[in-house]
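Engineer: Below is start24.txt; it holds compact mmCIF, C-alpha atoms.
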```
# COMPACT_ATOMS: atom_id res chain seq x y z
CA ASN A 1 0.00 0.00 0.00
CA ALA A 2 1.84 3.07 -1.30
CA GLY A 3 -0.39 5.74 0.30
CA VAL A 4 0.26 9.18 -1.21
CA THR A 5 2.98 9.37 -3.87
CA GLN A 6 4.47 12.65 -5.07
CA THR A 7 6.83 13.26 -7.96
CA PRO A 8 9.35 14.71 -8.48
CA LYS A 9 11.12 14.89 -5.11
CA PHE A 10 13.35 17.75 -6.23
CA ARG A 11 13.20 20.22 -9.08
CA ILE A 12 14.97 23.40 -10.09
CA LEU A 13 13.12 25.78 -12.39
CA LYS A 14 14.05 28.99 -14.10
CA ILE A 15 11.81 32.02 -13.70
CA GLY A 16 8.93 31.84 -16.14
CA GLN A 17 9.09 28.09 -16.72
CA SER A 18 6.10 25.82 -16.13
CA MET A 19 5.85 22.47 -14.47
CA THR A 20 3.43 20.01 -12.90
CA LEU A 21 3.81 18.33 -9.54
CA GLN A 22 2.17 14.93 -9.60
CA CYS A 23 0.23 13.40 -6.73
CA THR A 24 -1.42 9.97 -6.62
CA GLN A 25 -3.17 8.17 -3.79
CA ASP A 26 -4.31 4.56 -3.70
CA MET A 27 -6.56 4.69 -0.63
CA ASN A 28 -9.73 5.73 -2.49
CA HIS A 29 -9.85 8.95 -0.48
CA ASN A 30 -12.34 11.57 -1.61
CA TYR A 31 -10.45 14.60 -0.29
CA MET A 32 -7.10 15.70 -1.64
CA TYR A 33 -5.03 18.77 -0.77
CA TRP A 34 -1.95 20.68 -1.82
CA TYR A 35 0.03 22.54 0.84
CA ARG A 36 3.23 24.52 0.67
CA GLN A 37 5.65 24.69 3.56
CA ASP A 38 7.91 27.69 3.95
CA PRO A 39 10.48 27.94 6.77
CA GLY A 40 8.89 29.17 9.99
CA MET A 41 5.51 29.56 8.31
CA GLY A 42 3.91 26.19 8.81
CA LEU A 43 1.67 24.77 6.10
CA LYS A 44 -0.47 26.90 3.83
CA LEU A 45 -3.30 25.36 1.82
CA ILE A 46 -3.04 26.04 -1.92
CA TYR A 47 -5.95 24.06 -3.37
CA TYR A 48 -8.13 21.19 -2.32
CA SER A 49 -10.63 18.80 -3.88
CA VAL A 50 -13.61 17.01 -2.40
CA GLY A 51 -13.88 14.54 -5.26
CA ALA A 52 -13.27 13.97 -8.94
CA GLY A 53 -14.24 17.03 -10.97
CA ILE A 54 -14.45 19.35 -7.95
CA THR A 55 -11.68 21.70 -6.83
CA ASP A 56 -11.53 24.83 -4.71
CA LYS A 57 -9.04 27.48 -3.66
CA GLY A 58 -7.26 27.49 -0.34
CA GLU A 59 -5.34 30.31 1.36
CA VAL A 60 -2.61 30.86 -1.27
CA PRO A 61 -3.87 29.79 -4.75
CA ASN A 62 -2.30 32.55 -6.87
CA GLY A 63 0.16 31.23 -9.43
CA TYR A 64 -1.14 27.66 -9.28
CA ASN A 65 -3.77 25.54 -10.98
CA VAL A 66 -5.16 22.09 -10.24
CA SER A 67 -7.41 19.49 -11.81
CA ARG A 68 -9.02 16.34 -10.48
CA SER A 69 -10.11 14.06 -13.30
CA THR A 70 -9.91 10.86 -11.24
CA THR A 71 -10.20 9.96 -7.55
CA GLU A 72 -6.54 8.93 -7.49
CA ASP A 73 -4.75 11.89 -9.10
CA PHE A 74 -4.48 15.55 -8.13
CA PRO A 75 -1.72 17.33 -10.08
CA LEU A 76 -0.59 20.87 -9.21
CA ARG A 77 0.54 23.10 -12.07
CA LEU A 78 2.78 26.14 -11.88
CA GLU A 79 2.32 28.17 -15.06
CA LEU A 80 4.95 30.92 -14.75
CA ALA A 81 7.39 30.04 -12.01
CA ALA A 82 8.50 32.87 -9.71
CA PRO A 83 11.13 32.89 -6.93
CA SER A 84 8.30 33.31 -4.40
CA GLN A 85 7.19 29.79 -5.31
CA THR A 86 10.40 28.29 -3.96
CA SER A 87 9.07 25.98 -1.27
CA VAL A 88 8.40 22.41 -0.23
CA TYR A 89 5.07 21.16 -1.54
CA PHE A 90 3.04 18.46 0.16
CA CYS A 91 0.11 16.56 -1.22
CA ALA A 92 -2.29 14.97 1.26
CA SER A 93 -5.52 13.00 1.20
CA SER A 94 -8.34 12.20 3.60
CA PRO A 95 -11.40 9.98 3.53
CA LEU A 96 -14.91 11.35 3.14
CA ASP A 97 -16.05 13.67 5.91
CA GLY A 98 -18.02 11.83 8.53
CA LEU A 99 -18.19 10.97 12.17
CA GLY A 100 -14.93 10.89 14.06
CA ALA A 101 -11.63 12.50 13.22
CA ASN A 102 -10.66 12.02 9.61
CA VAL A 103 -6.91 12.01 9.32
CA LEU A 104 -4.68 13.51 6.67
CA THR A 105 -2.16 11.21 4.99
CA PHE A 106 0.77 13.12 3.51
CA GLY A 107 3.16 12.43 0.69
CA ALA A 108 6.90 12.75 1.20
CA GLY A 109 7.06 16.22 -0.35
CA SER A 110 8.48 17.91 -3.44
CA ARG A 111 11.21 20.51 -3.00
CA LEU A 112 11.00 23.18 -5.69
CA THR A 113 13.58 25.90 -6.26
CA VAL A 114 12.96 28.74 -8.71
CA LEU A 115 16.05 30.65 -9.83
CA GLY B 1 -12.04 32.39 11.98
CA ASN B 2 -10.09 29.23 12.55
CA SER B 3 -6.45 29.26 13.60
CA VAL B 4 -3.85 27.40 15.59
CA THR B 5 -1.09 29.00 17.65
CA GLN B 6 1.78 26.94 18.98
CA MET B 7 4.87 27.84 20.93
CA GLU B 8 7.85 29.17 19.05
CA GLY B 9 10.89 27.02 18.71
CA PRO B 10 13.41 25.74 18.45
CA VAL B 11 13.34 23.67 21.60
CA THR B 12 16.49 21.84 22.74
CA LEU B 13 16.30 19.26 25.52
CA SER B 14 18.58 16.70 27.04
CA GLU B 15 17.61 13.06 26.73
CA GLU B 16 15.07 11.96 29.38
CA ALA B 17 13.88 15.52 29.98
CA PHE B 18 10.18 16.42 30.18
CA LEU B 19 8.64 17.96 27.07
CA THR B 20 5.75 20.38 26.75
CA ILE B 21 4.80 22.09 23.50
CA ASN B 22 1.92 24.50 23.91
CA CYS B 23 -0.92 24.73 21.41
CA THR B 24 -4.04 26.89 21.53
CA TYR B 25 -6.73 27.18 18.94
CA THR B 26 -9.52 29.44 17.75
CA ALA B 27 -12.52 27.83 16.11
CA THR B 28 -16.27 27.95 16.00
CA GLY B 29 -18.09 24.80 16.96
CA TYR B 30 -16.27 21.67 18.04
CA PRO B 31 -13.17 20.93 16.02
CA SER B 32 -11.09 17.76 16.14
CA LEU B 33 -7.50 18.34 17.21
CA PHE B 34 -4.29 16.71 16.08
CA TRP B 35 -0.56 16.60 16.57
CA TYR B 36 1.51 15.74 13.50
CA VAL B 37 5.24 15.05 13.49
CA GLN B 38 7.70 15.65 10.66
CA TYR B 39 11.04 13.85 10.76
CA PRO B 40 13.90 15.31 8.69
CA GLY B 41 13.34 14.94 4.96
CA GLU B 42 9.91 13.35 5.36
CA GLY B 43 6.27 14.28 5.13
CA LEU B 44 4.03 14.83 8.13
CA GLN B 45 2.74 11.83 10.06
CA LEU B 46 -0.12 11.70 12.50
CA LEU B 47 1.14 11.46 16.08
CA LEU B 48 -2.14 11.62 18.02
CA LYS B 49 -5.65 13.02 17.87
CA ALA B 50 -8.68 13.93 19.99
CA THR B 51 -12.21 14.42 18.75
CA LYS B 52 -14.07 16.00 21.67
CA ALA B 53 -13.57 17.92 24.89
CA ASP B 54 -11.63 16.10 27.64
CA ASP B 55 -10.45 13.39 25.23
CA LYS B 56 -6.81 12.43 25.69
CA GLY B 57 -4.84 11.37 22.65
CA SER B 58 -1.71 9.30 23.17
CA ASN B 59 0.94 7.56 21.11
CA LYS B 60 4.63 6.61 21.53
CA GLY B 61 4.66 8.10 25.04
CA PHE B 62 3.26 11.45 23.86
CA GLU B 63 -0.03 12.73 25.27
CA ALA B 64 -2.34 15.69 24.70
CA THR B 65 -5.70 16.52 26.28
CA TYR B 66 -8.45 18.45 24.51
CA ARG B 67 -9.28 21.35 26.85
CA LYS B 68 -12.31 23.25 25.62
CA GLU B 69 -12.36 25.70 28.53
CA THR B 70 -8.84 26.92 27.71
CA THR B 71 -9.00 26.08 23.96
CA SER B 72 -5.74 24.20 24.30
CA PHE B 73 -4.17 20.92 23.20
CA HIS B 74 -0.68 20.89 24.70
CA LEU B 75 1.69 18.08 23.77
CA GLU B 76 3.64 16.36 26.56
CA LYS B 77 6.11 13.55 26.96
CA GLY B 78 7.65 12.48 30.22
CA SER B 79 11.06 11.40 28.95
CA VAL B 80 12.24 12.39 25.47
CA GLN B 81 14.70 10.41 23.38
CA VAL B 82 17.11 11.47 20.66
CA SER B 83 14.79 9.77 18.16
CA ASP B 84 12.04 12.27 19.08
CA SER B 85 13.98 15.07 17.36
CA ALA B 86 11.58 16.40 14.75
CA VAL B 87 9.18 19.24 13.96
CA TYR B 88 5.80 19.02 15.69
CA PHE B 89 2.65 20.59 14.25
CA CYS B 90 -0.61 21.20 16.03
CA ALA B 91 -3.69 21.17 13.79
CA LEU B 92 -7.45 21.39 13.92
CA ARG B 93 -10.10 19.98 11.61
CA ARG B 94 -13.42 21.66 10.99
CA THR B 95 -16.57 20.26 9.44
CA GLY B 96 -16.02 20.02 5.73
CA ASN B 97 -12.63 18.41 6.26
CA GLN B 98 -10.77 21.71 6.42
CA PHE B 99 -7.50 21.45 8.32
CA TYR B 100 -5.58 24.36 9.87
CA PHE B 101 -1.99 24.01 11.02
CA GLY B 102 0.24 25.84 13.45
CA THR B 103 3.67 27.04 12.37
CA GLY B 104 5.47 24.02 13.82
CA THR B 105 7.89 23.63 16.72
CA SER B 106 11.32 22.18 16.11
CA LEU B 107 12.59 19.84 18.83
CA THR B 108 16.18 18.70 19.17
CA VAL B 109 17.07 16.15 21.83
CA ILE B 110 20.74 15.86 22.72
CA PRO B 111 22.31 12.78 24.34
```
Output the file's structure as structure tokens, nothing else.
Structural biologist:
Amino acid sequence: NAGVTQTPKFRILKIGQSMTLQCTQDMNHNYMYWYRQDPGMGLKLIYYSVGAGITDKGEVPNGYNVSRSTTEDFPLRLELAAPSQTSVYFCASSPLDGLGANVLTFGAGSRLTVL
Amino acid sequence: GNSVTQMEGPVTLSEEAFLTINCTYTATGYPSLFWYVQYPGEGLQLLLKATKADDKGSNKGFEATYRKETTSFHLEKGSVQVSDSAVYFCALRRTGNQFYFGTGTSLTVIP
């Protein structure tokens, strides 16, 4: 059981380039999330999805786009990379909201540097 | 709104020392509360959770009690080990599966 898988683990981009961070989960979770982690700033939610075909903005969506065509996949796209997007990105998933405390399962992270 | 405030780090302790990391929250309604741990180079992992007032979450010797009257969820461990060195995040979950995280507290345990 792989859980949440993110690729790539590391990437260096030049300003203005585009790229997609991939995220796949094999737990049949309805909810998926993208967070960025900056030093001393904790985690900030970029986008989230409550199911295939449904996405919504989080706290810091500017400069990013997402899609959710299947339950398993939730890619994050950076269209015009900027130095401010240098960060560690985490994908996470959670089962359908219900009774009890649903738990987030995180991927290992993708470290992105924009130069 | 919803937010989580946790004590600033970094925290450095000697092995076998007592650990407390403070966490307070602001939320409407009755959130679930969590502690996540991040080891170097890894993603976050669930450490413990509590779903209602007065619940105590525990795991690997760590404990935290959901205190509604003080809106707190402080993390404690009686005797830390070098292997506990990590960053600890307090978080809350609201209805609709929205999660809010604190800024994290870095812990280093020295032999």
Engineer: Residues of chain B that have any atom at most 7 Å from an atom of chain A: could you tabulate them with the shortest-distance atom pair and the distance in Å to one decimal, using only C-alpha atoms, ordered by chain and increasing number, as JSON lines?
Structural biologist:
```
{"residue": "B:Ser32", "atom": "CA", "partner": "A:Ala101", "partner_atom": "CA", "distance": 6.0}
{"residue": "B:Glu42", "atom": "CA", "partner": "A:Ala108", "partner_atom": "CA", "distance": 5.2}
{"residue": "B:Gly43", "atom": "CA", "partner": "A:Ala108", "partner_atom": "CA", "distance": 4.3}
{"residue": "B:Leu44", "atom": "CA", "partner": "A:Phe106", "partner_atom": "CA", "distance": 5.9}
{"residue": "B:Gln45", "atom": "CA", "partner": "A:Phe106", "partner_atom": "CA", "distance": 7.0}
{"residue": "B:Thr51", "atom": "CA", "partner": "A:Ala101", "partner_atom": "CA", "distance": 5.9}
{"residue": "B:Gly96", "atom": "CA", "partner": "A:Asp97", "partner_atom": "CA", "distance": 6.4}
{"residue": "B:Asn97", "atom": "CA", "partner": "A:Asp97", "partner_atom": "CA", "distance": 5.9}
{"residue": "B:Phe101", "atom": "CA", "partner": "A:Leu43", "partner_atom": "CA", "distance": 6.2}
{"residue": "B:Gly102", "atom": "CA", "partner": "A:Gly42", "partner_atom": "CA", "distance": 5.9}
{"residue": "B:Thr103", "atom": "CA", "partner": "A:Gly42", "partner_atom": "CA", "distance": 3.7}
{"residue": "B:Gly104", "atom": "CA", "partner": "A:Gly42", "partner_atom": "CA", "distance": 5.7}
```
Engineer: May I have the residues from that selection written out with C-alpha atoms, as an mmCIF file, in the coordinates of the input?
Structural biologist:
```cif
data_model
loop_
_atom_site.group_PDB
_atom_site.id
_atom_site.type_symbol
_atom_site.label_atom_id
_atom_site.label_comp_id
_atom_site.auth_asym_id
_atom_site.auth_seq_id
_atom_site.Cartn_x
_atom_site.Cartn_y
_atom_site.Cartn_z
ATOM 1 C CA SER B 32 -11.090 17.760 16.140
ATOM 2 C CA GLU B 42 9.910 13.350 5.360
ATOM 3 C CA GLY B 43 6.270 14.280 5.130
ATOM 4 C CA LEU B 44 4.030 14.830 8.130
ATOM 5 C CA GLN B 45 2.740 11.830 10.060
ATOM 6 C CA THR B 51 -12.210 14.420 18.750
ATOM 7 C CA GLY B 96 -16.020 20.020 5.730
ATOM 8 C CA ASN B 97 -12.630 18.410 6.260
ATOM 9 C CA PHE B 101 -1.990 24.010 11.020
ATOM 10 C CA GLY B 102 0.240 25.840 13.450
ATOM 11 C CA THR B 103 3.670 27.040 12.370
ATOM 12 C CA GLY B 104 5.470 24.020 13.820
#
```
Engineer: Identify which of the residues A:Leu112, A:Glu59, A:Thr70, A:Pro83 lies closest to Leu21 of chain A, counting all atoms listed in the file when measuring atom-to-atom distances.
Structural biologist: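 Checking each candidate against Leu21 of chain A, we get A:Leu112 as the closest.
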Engineer: If I wrap all listed atoms of segment 33-44 of chain A in a box with edges along x, y and z and add 4 Å on each side, what are its centre and edge lengths in Å to one decimal, as JSON?
Structural biologist:
```
{"center_x": 2.7, "center_y": 24.2, "center_z": 4.1, "size_x": 23.5, "size_y": 18.8, "size_z": 19.8}
```
Engineer: Do you know which residues are at most 12 Å from segment 70-75 of chain B counting all atoms listed in the file, after dropping those on the same chain fewer than 6 positions away, and could you put them as JSON, numbers by chain?
Structural biologist: {"B": [2, 3, 4, 5, 6, 7, 18, 19, 20, 21, 22, 23, 24, 25, 26, 27, 28, 29, 30, 31, 32, 33, 34, 35, 36, 37, 47, 48, 49, 50, 51, 52, 53, 54, 55, 56, 57, 58, 59, 61, 62, 63, 64, 88, 89, 90, 91, 92, 102, 105]}
Engineer: For the residues in that selection, give me C-alpha atoms as an mmCIF file, keeping the file's coordinate frame.
Structural biologist:
```cif
data_model
loop_
_atom_site.group_PDB
_atom_site.id
_atom_site.type_symbol
_atom_site.label_atom_id
_atom_site.label_comp_id
_atom_site.auth_asym_id
_atom_site.auth_seq_id
_atom_site.Cartn_x
_atom_site.Cartn_y
_atom_site.Cartn_z
ATOM 1 C CA ASN B 2 -10.090 29.230 12.550
ATOM 2 C CA SER B 3 -6.450 29.260 13.600
ATOM 3 C CA VAL B 4 -3.850 27.400 15.590
ATOM 4 C CA THR B 5 -1.090 29.000 17.650
ATOM 5 C CA GLN B 6 1.780 26.940 18.980
ATOM 6 C CA MET B 7 4.870 27.840 20.930
ATOM 7 C CA PHE B 18 10.180 16.420 30.180
ATOM 8 C CA LEU B 19 8.640 17.960 27.070
ATOM 9 C CA THR B 20 5.750 20.380 26.750
ATOM 10 C CA ILE B 21 4.800 22.090 23.500
ATOM 11 C CA ASN B 22 1.920 24.500 23.910
ATOM 12 C CA CYS B 23 -0.920 24.730 21.410
ATOM 13 C CA THR B 24 -4.040 26.890 21.530
ATOM 14 C CA TYR B 25 -6.730 27.180 18.940
ATOM 15 C CA THR B 26 -9.520 29.440 17.750
ATOM 16 C CA ALA B 27 -12.520 27.830 16.110
ATOM 17 C CA THR B 28 -16.270 27.950 16.000
ATOM 18 C CA GLY B 29 -18.090 24.800 16.960
ATOM 19 C CA TYR B 30 -16.270 21.670 18.040
ATOM 20 C CA PRO B 31 -13.170 20.930 16.020
ATOM 21 C CA SER B 32 -11.090 17.760 16.140
ATOM 22 C CA LEU B 33 -7.500 18.340 17.210
ATOM 23 C CA PHE B 34 -4.290 16.710 16.080
ATOM 24 C CA TRP B 35 -0.560 16.600 16.570
ATOM 25 C CA TYR B 36 1.510 15.740 13.500
ATOM 26 C CA VAL B 37 5.240 15.050 13.490
ATOM 27 C CA LEU B 47 1.140 11.460 16.080
ATOM 28 C CA LEU B 48 -2.140 11.620 18.020
ATOM 29 C CA LYS B 49 -5.650 13.020 17.870
ATOM 30 C CA ALA B 50 -8.680 13.930 19.990
ATOM 31 C CA THR B 51 -12.210 14.420 18.750
ATOM 32 C CA LYS B 52 -14.070 16.000 21.670
ATOM 33 C CA ALA B 53 -13.570 17.920 24.890
ATOM 34 C CA ASP B 54 -11.630 16.100 27.640
ATOM 35 C CA ASP B 55 -10.450 13.390 25.230
ATOM 36 C CA LYS B 56 -6.810 12.430 25.690
ATOM 37 C CA GLY B 57 -4.840 11.370 22.650
ATOM 38 C CA SER B 58 -1.710 9.300 23.170
ATOM 39 C CA ASN B 59 0.940 7.560 21.110
ATOM 40 C CA GLY B 61 4.660 8.100 25.040
ATOM 41 C CA PHE B 62 3.260 11.450 23.860
ATOM 42 C CA GLU B 63 -0.030 12.730 25.270
ATOM 43 C CA ALA B 64 -2.340 15.690 24.700
ATOM 44 C CA TYR B 88 5.800 19.020 15.690
ATOM 45 C CA PHE B 89 2.650 20.590 14.250
ATOM 46 C CA CYS B 90 -0.610 21.200 16.030
ATOM 47 C CA ALA B 91 -3.690 21.170 13.790
ATOM 48 C CA LEU B 92 -7.450 21.390 13.920
ATOM 49 C CA GLY B 102 0.240 25.840 13.450
ATOM 50 C CA THR B 105 7.890 23.630 16.720
#
```
Engineer: Between atom CA of Thr5 of chain A and atom CA of Leu80 of chain A, what is the spacing in Å?
Structural biologist: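 Between these atoms lies a distance of 24.2 Å.
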Engineer: State, in Å with one decimal place, the distance from atom CA of Asp56 of chain A to atom CA of Phe74 of chain A.
Structural biologist: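 Result for atom CA of Asp56 of chain A versus atom CA of Phe74 of chain A: 12.1 Å, one decimal.
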Engineer: Please provide the set of residues having any atom within 12 Å of Thr55 of chain A, restricted to only C-alpha atoms, with same-chain residues fewer than 2 positions apart removed, written as a list in words.
Structural biologist: Asn30, Tyr31, Met32, Tyr33, Trp34, Ile46, Tyr47, Tyr48, Ser49, Val50, Gly51, Ala52, Gly53, Lys57, Gly58, Pro61, Asn65, Val66, Ser67, Arg68, Ser69, Thr70, Thr71, Phe74, Pro75 and Leu76 of chain A
Engineer: Could I get segment 95-108 of chain B rebuilt with N, CA, C and O atoms, written as a short mmCIF file (atom, residue, chain, number, x, y, z; two decimals), in the frame of the given file?
Structural biologist:
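Below you can see out.cif, which holds the result:
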```cif
data_model
loop_
_atom_site.label_atom_id
_atom_site.label_comp_id
_atom_site.auth_asym_id
_atom_site.auth_seq_id
_atom_site.Cartn_x
_atom_site.Cartn_y
_atom_site.Cartn_z
N THR B 95 -15.60 20.91 10.32
CA THR B 95 -16.57 20.26 9.44
C THR B 95 -16.31 20.68 8.00
O THR B 95 -16.02 21.85 7.74
N GLY B 96 -16.38 19.74 7.12
CA GLY B 96 -16.02 20.02 5.73
C GLY B 96 -14.60 19.60 5.44
O GLY B 96 -14.07 19.85 4.37
N ASN B 97 -13.98 18.95 6.44
CA ASN B 97 -12.63 18.41 6.26
C ASN B 97 -11.60 19.49 5.96
O ASN B 97 -10.65 19.25 5.20
N GLN B 98 -11.78 20.66 6.54
CA GLN B 98 -10.77 21.71 6.42
C GLN B 98 -9.81 21.62 7.60
O GLN B 98 -10.23 21.58 8.75
N PHE B 99 -8.53 21.59 7.31
CA PHE B 99 -7.50 21.45 8.32
C PHE B 99 -6.71 22.75 8.42
O PHE B 99 -6.36 23.36 7.40
N TYR B 100 -6.38 23.15 9.63
CA TYR B 100 -5.58 24.36 9.87
C TYR B 100 -4.40 23.97 10.75
O TYR B 100 -4.57 23.29 11.76
N PHE B 101 -3.22 24.41 10.34
CA PHE B 101 -1.99 24.01 11.02
C PHE B 101 -1.33 25.18 11.73
O PHE B 101 -1.38 26.32 11.25
N GLY B 102 -0.65 24.87 12.83
CA GLY B 102 0.24 25.84 13.45
C GLY B 102 1.53 25.93 12.66
O GLY B 102 1.73 25.22 11.67
N THR B 103 2.43 26.78 13.11
CA THR B 103 3.67 27.04 12.37
C THR B 103 4.73 25.99 12.62
O THR B 103 5.76 26.00 11.97
N GLY B 104 4.49 25.08 13.56
CA GLY B 104 5.47 24.02 13.82
C GLY B 104 6.47 24.42 14.90
O GLY B 104 6.84 25.59 15.01
N THR B 105 6.88 23.44 15.68
CA THR B 105 7.89 23.63 16.72
C THR B 105 8.98 22.59 16.52
O THR B 105 8.69 21.39 16.53
N SER B 106 10.20 23.08 16.31
CA SER B 106 11.32 22.18 16.11
C SER B 106 11.89 21.73 17.45
O SER B 106 12.17 22.56 18.32
N LEU B 107 12.04 20.42 17.61
CA LEU B 107 12.59 19.84 18.83
C LEU B 107 13.89 19.12 18.50
O LEU B 107 13.93 18.30 17.59
N THR B 108 14.92 19.44 19.25
CA THR B 108 16.18 18.70 19.17
C THR B 108 16.48 18.13 20.55
O THR B 108 16.47 18.86 21.54
#
```
